[in-house]
Structure formats: C-alpha cells, structure tokens
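J.: Dropping the structure in here first, questions after.
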Amino acid sequence: MPSVDEFPAARVEAFSDAVIAIAITLLILEIKVPRESEAAELMRALARLWPSYLAFLTSFCTIGMMWLNHHRLFALIKRTDETLVMINMALLLAVTWVPFPTALLAQHLRASGQAVAAIVYSGTFLFISIVFNVLWWYAMRSGRVPHVSAGPHPITRQYAAGPPLYAVMLMIGIRDA
C-alpha cells in the first residue's frame, strides 16, 4: 500500500503539461505588432522583428523538447512523492521563466547588451538541464523508474548531454561579456 505522501504521477504530469503549455504560449506575447500602416513601412517593421522571431522559434522548440522529455520521464514514473513534486515544481518554475530571457535576448540581440542577454538565456537553460537531471536521478534512486538492463538507462545518457552543452554556451557568453 502506498504511503500517505505518495500519489499517482498522472496528476503531476497533467499539471506540468498545463504549466508548460502556458509558458510556451506566453512566448508569442513578447512579439509586438508594429503600428505602421503603410505597406512598405509595415514590411520593414516586420523585418526588423527578426530577432524576436528567432528567439521565439528557439525557445518554442526548446520548451517543446522539455515537454517531450518530461512526458518520456513521467511515462516511466507511476507514483510520486513530495520530494519528486518539489523537484518538478523547481523545473516548472524555470520553464515559466523562459519567456523573460527569450524577450531579453530578442531585444538585445545585435546590441551592446547582447552578451549579458545571452548569459541570462543560456544560464536559464543550464539551470533547467540541471533540474531535469536532479529529477531523473531522484526518480531512479528512489526506485520510481523500472530498469532491468545492467547498463545505464538511455535517459541517463540523454540527460547527461544537457548541462555540459549549456555550460559551454554560458561560458561563451561570459567570455564575450
């Protein structure tokens, strides 16, 4: 019989799906509609928004991958506890933060603050990748993920790539600051 602090992981996954869906939707709200009304001026104004389009697309795809990774993880976890929920809440906190560094990067791309914006942006994803690893390792260590192979779980190898990749991006930003 499960303990009092255990409950089905489906509730955590459903809540997480909703939070991630809101975060990914908020990304588009940072792209402001130009006020120009003449066709040529409007075309130029739309073209000048390319940093916003690029930042939106990058963050949309990244949050989409986070959602997919989260789904894969919770497909393996059937029951959760308060510790796992709190780690997951830290992950969701970071995901809901993503629209801010996305807007910051879009606004300062090709400007004097671009290195600082890149540091905030890549630092955000470094933090998220670390929290994903903590969530995964807690699920593994607490026996919430079944694994019969003698070698490392495929997700372990997949998640291990994130922090070093984002750390390199962060170091590049810091070097250029």
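Order determines the names: the first chain of the structure tokens is A, the second B, and so forth; residues in each chain are numbered 1 upward, and ligands are numbered 1 upward as they are shown.
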Got a sec: who's within 7 Å of stretch 106-112 of chain A, counting only C-alpha atoms, leaving out chain neighbours fewer than 6 positions off, as a list in words?
T.: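 Returned residues: Pro51, Ser52 and Ala55 of chain A.
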J.: Considering only C-alpha atoms, return as JSON, numbers by chain whatever protein or nucleic-acid residues lie within 9 Å of A:Leu26, sequence-local ones (same chain, fewer than 5 positions apart) excluded.
T.: {"A": [21, 96, 99]}
J.: Write out as a PDB file with C-alpha atoms, in the first residue's frame which residues come within 12 Å of A:Ala18 when counting only C-alpha atoms, dropping same-chain ones fewer than 5 positions away.
T.:
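Contents of around.pdb, freshly written:
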ATOM      1  CA  ARG A  11      -1.630  14.293 -11.618  1.00  0.00           C
ATOM      2  CA  VAL A  12       1.872  15.764 -11.614  1.00  0.00           C
ATOM      3  CA  GLU A  13       2.177  15.187 -15.345  1.00  0.00           C
ATOM      4  CA  ALA A  23       4.835  29.046 -20.814  1.00  0.00           C
ATOM      5  CA  ILE A  24       5.129  28.139 -24.483  1.00  0.00           C
ATOM      6  CA  THR A  25       2.089  30.301 -25.272  1.00  0.00           C
ATOM      7  CA  TRP A  67       7.783  18.873 -22.708  1.00  0.00           C
ATOM      8  CA  LEU A  92       8.239  24.287 -13.801  1.00  0.00           C
ATOM      9  CA  VAL A  95      10.170  26.766 -17.554  1.00  0.00           C
ATOM     10  CA  THR A  96       7.791  29.624 -16.736  1.00  0.00           C
TER      11      THR A  96
END
J.: If we count only C-alpha atoms and set the cut-off at 12 Å, which residues sit around A:Ser142, ignoring sequence neighbours fewer than 6 positions away in its own chain? Please answer as a list in words.
T.: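 Skipping anything fewer than 6 positions along the chain leaves Ile77, Arg79, Thr80, Asp81, Thr83, Leu84, Val134, Leu135 and Trp136 of chain A.
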J.: Export, as a tab-separated table (two decimals), in the first residue's frame, the selected residues with N, CA and C atoms.
T.:
chain	number	residue	atom	x	y	z
A	77	ILE	N	7.42	6.93	-14.68
A	77	ILE	CA	7.10	7.09	-13.25
A	77	ILE	C	5.60	6.90	-13.05
A	79	ARG	N	4.21	6.47	-9.67
A	79	ARG	CA	3.84	7.08	-8.39
A	79	ARG	C	4.91	8.10	-8.03
A	80	THR	N	4.50	9.11	-7.31
A	80	THR	CA	5.42	10.16	-6.94
A	80	THR	C	5.30	10.45	-5.45
A	81	ASP	N	6.20	11.27	-4.95
A	81	ASP	CA	6.14	11.69	-3.55
A	81	ASP	C	6.40	13.19	-3.49
A	83	THR	N	8.93	14.92	-2.44
A	83	THR	CA	10.25	15.35	-2.91
A	83	THR	C	10.26	15.46	-4.43
A	84	LEU	N	9.75	14.46	-5.10
A	84	LEU	CA	9.72	14.49	-6.56
A	84	LEU	C	8.85	15.65	-7.05
A	134	VAL	N	18.44	16.30	-11.89
A	134	VAL	CA	18.12	16.03	-10.48
A	134	VAL	C	16.80	15.26	-10.40
A	135	LEU	N	15.81	15.68	-11.18
A	135	LEU	CA	14.52	14.99	-11.21
A	135	LEU	C	14.70	13.53	-11.64
A	136	TRP	N	15.47	13.33	-12.70
A	136	TRP	CA	15.71	11.99	-13.21
A	136	TRP	C	16.45	11.13	-12.18
J.: Extract, using only C-alpha atoms, all DNA, RNA and protein residues at most 10 Å from A:Leu126, discarding same-chain residues fewer than 3 positions from it, and format them as an MDAnalysis selection string.
T.: chainID A and resid 120:123 129:132 162:170
J.: Go through A:Gly151, A:His70, A:Asp5, A:Tyr53 and flag the residue nearest A:Ile128, using only C-alpha atoms for the distances.
T.: A:His70
